Structure formats: C-alpha cells, structure tokens
Amino acid sequence: MEALKKRGITDLNLVTCYATPGGYIALPEQDGRRIGWGGCEYNEDAENGSEDREVGGIFFTVDMVSKKVLRFTDYGVVPMPPVSSLYDPNGGPALAGTKPIVVSQPEGPSFTITDGEVSWQNWHFRFRVDPRSGPVINMASLDYKGKRRSVLYEGSLSEMYVPYMDPEETWNSHVFLESGEYFMNTGLGIPKPLQKGTDCPDYATYFSGTFFHDNGTPSIRPQLACLFERTLGDPAWRHWDDDAVSGRPGRELVFRSIAVVGNYDYILDWRFEQEGAITVAVGATGELEVKPVPDKMASEMMSSNIMGKDAEGNPLEFGHLVAANTDGVDHDHFFSFRLDLDVDGTNNNFEVDKLVQYKLPATSPRKTIWAMAPKTIATEGSAMQNFSMEHPAMWRFTNPSVHNELGYPTSFEIMPGLTGASLIAG
Ligand SMILES: [Cu+2]
C-alpha cells in the first residue's frame, strides 16, 4: 500500500495485485515449493473500457501453498503510461472498397466422419480437444495401394515456454510455462470457442469438446475446434513440358483450435496435405504484454532500461516502444510438441542424415560437393538434436522391417519450420 501511495494510487478498489507461476529456473526458493512472482495493475476506468496498466517497479514473490508474501521489492517509481486510446474489440467496419469473397462447397466438404474418425483424400485420423494442451491427433494413417499404413499414433502440444528478455527482475521473472501452469480446473479449459467466419471459414465444421470440473463432472464447451478444406490458389504439383502445363490444384485439410493464455491467443493447426505431409502450425495473436518505462520517446531511450550496452560499449536493445512510456519487451515463444510416430507399425528407428562436405579429387573441375551421411541413433540421450543452419541434417523416423519397392526402409521426415536458434542458457 505504501509503494502504491508513492505512485499516487490510494483507491485500492482500482488495483489488482496477482502472483503467477514463473517457470522453474532452479532458484533456491523454488526448491520443493510453488513460488509465484507478482506485480500490481491499476485501472482507473474499467467500466468505460479502459485497460489494466501495470504499476511499474514493484516486484514480489509469494509461496502459492502457504499464501504468504516472501519478499517485496520496490525498484522505484515509474510513470504510469498515458491512456492513449480505449481498447476497441470491434475494430470498426472493413476498409472502403472491400468486396465480398465467397468460398462455397455446394456439394459439402470432401471429408467424412465415421464413428469419430475423419477420412479425407488418403488420410484417416481421430482427434480430441484437451482442456490443457488443445488439439490432440490420434491414429493418423494413410491409404496406399489399398492398404492402410500407420503414420502417427498421437501428436499434441506438450509445453509452451515464454521467457522475456529484460534486464530488470520485474520482467525477466516472466518465464511462463503456459501449457503446464496456466490451467485452472474450472471446466472452461484453455482452448476457447471459435468465432465462425473469423477464426475459421463460415463453411467449416465445428466441434464441441468435453472438459471436466475439479470435482470430476463433465463440462461441454461448444465450438472448440473446426475442420475445413481450403485451397490457397497454389499448385499441388505442376510441370511445363511440350509448350503446355500439366498439374493439379492443391488443397489441404485443416484441424484448428485456439488456446487463450492471458493476453495471447495461440492458433494451433494440424494440416493434412495431399502429398502425405502433416504440417503443425502455430500462430500467436491477441495483445502484447507491455512494460511501463520512464522514457516516452525513442530519442530519449538511451537513458532508460529499454537500451543498454554490451562489454565493448555497443548499443543493445531489450525491447521497443509501442506507445509512449510503453515497452514491448523482447521475448521468445517456444512450442514443444510430442510426436509419437508409428511409421508402418511400432518398430521405428530414429535416423539423422547429416549433409557433409565431400572433397573431389584434384583432377575434378569442382572442388567439393555435399553428400548425405545417414546414421541410426542408438539411444534416447543421443537422439537430442540441435537445429543448425551451418550443419544441416534431415531427421527421419524409419521402419527397418518394412521396405519400399526400391529396398529402402519406409520413413517419415521431421522437418523444422521457420525458426531461429535459441541464445539463452537458463
Ligand atoms: Cu509474444
């Protein structure tokens, strides 16, 4: 209350103080205890749509079991960012000149659902929506020459990790484990109902999910996932030959749900492709979580903690102003997925095909080419692989007991998407 008074805040009805679980980073105080890291928010005019604003400079830790504050630190008063505009969830009408786009499937979708199993093109799979981790795909298999061949026993999100990159304790304490820790058994779950036409196309098929309350009673949530086909106007395959194009238009099947964790809305997609790939896609939308800072303009920022210097005195940035006195702190979103592959059955190996340089003899006009060095991984410990631009590799799950027509063990490749390598160590 004293720290709030120093900041000119005396009406405690307008203040919310909270503690949230920080990720486990092996602090002594976390040993054997559930520790929450906290701060306060101030809202002068919630009734008229004003947003909560963080009370800057305050930090405390709470034992979440005994409900006791363990430590309170006031790092100093930070001016409250001005209320620049009210949050407008409506967003207003479409821009002038926006004409309708109509996508229709006059004969209905080309997938079928029988006893909970989805079939589309050569794909078959089952799904559910988990209240904690969102969409779960089961028993995905492919038809090939009249035979059903297993691909994936189960696939789902395992964990999300969101560490913020700020030098100050008030914000580098933001290291959220969002799938593990942001779950309350209220029966509502983290995936939230989808809006037709915004989250998925109008013509999509929507599914409810069955969650549970903490006393075990079921809770049915409507419209938690959607399934739809789409065409992006891209070819599935094409070739120009003999002065003409051969090809066919591509389409894909999308299974989607959206998990809402505080300010973030995570779009979680499982996309089934015609060539036999499954694409796992994640999108982050919603709002930024922002930090109040003393300097309101970029030109003044050298004096504030948005910027700093490295050991050689070169400027460093830890975030960017997104409004006056409002820092969008740099951060990562790590998404960890659990993929239990069953490629043509359960007898699977993990193989790493490294691309290596191969030196050609001096008589060759070329000096080097690259070649693929296949290696079957022997243990789970040595299966840990780092994505690297400098040392490219392909990761495959192979079945040594099933061979294709050319004698190779059948396999599915794990292909990393667009990402950066992590620079943090704890
Ligand atoms: Cu983010």
# chains A, B, ... in the order shown; residues from 1 in each chain; ligands from 1
call {"tool": "closest_atom_pairs", "arguments": {"of": "chain A", "to": "ligand 1", "cutoff": "7 Å", "atoms": "only C-alpha atoms and all ligand atoms", "output": "JSON lines"}}
result
{"residue": "A:Ala284", "atom": "CA", "partner": "ligand 1", "partner_atom_place_in_ligand_line": "1 (Cu)", "distance": 7.0}
{"residue": "A:Leu288", "atom": "CA", "partner": "ligand 1", "partner_atom_place_in_ligand_line": "1 (Cu)", "distance": 6.6}
{"residue": "A:His331", "atom": "CA", "partner": "ligand 1", "partner_atom_place_in_ligand_line": "1 (Cu)", "distance": 6.2}
{"residue": "A:Asp332", "atom": "CA", "partner": "ligand 1", "partner_atom_place_in_ligand_line": "1 (Cu)", "distance": 6.5}
{"residue": "A:His333", "atom": "CA", "partner": "ligand 1", "partner_atom_place_in_ligand_line": "1 (Cu)", "distance": 6.2}
call {"tool": "residues_around", "arguments": {"residues": "Met80 (chain A)", "least_positions_apart": "3", "cutoff": "8 Å", "atoms": "only C-alpha atoms", "output": "ChimeraX atom specification"}}
result
/A:53-56,292,325
call {"tool": "closest_residue", "arguments": {"among": "A:Met415, A:Ala311, A:Cys226, A:Met1", "to": "Val352 (chain A)", "atoms": "only C-alpha atoms"}}
result
A:Met415
call {"tool": "closest_residue", "arguments": {"among": "A:Asn43, A:Thr205, A:Asn13, A:Thr210", "to": "Val118 (chain A)", "atoms": "only C-alpha atoms"}}
result
A:Thr205
call {"tool": "closest_residue", "arguments": {"among": "A:Pro163, A:Glu413, A:Arg149, A:Gly313", "to": "Ala393 (chain A)", "atoms": "only C-alpha atoms"}}
result
A:Glu413
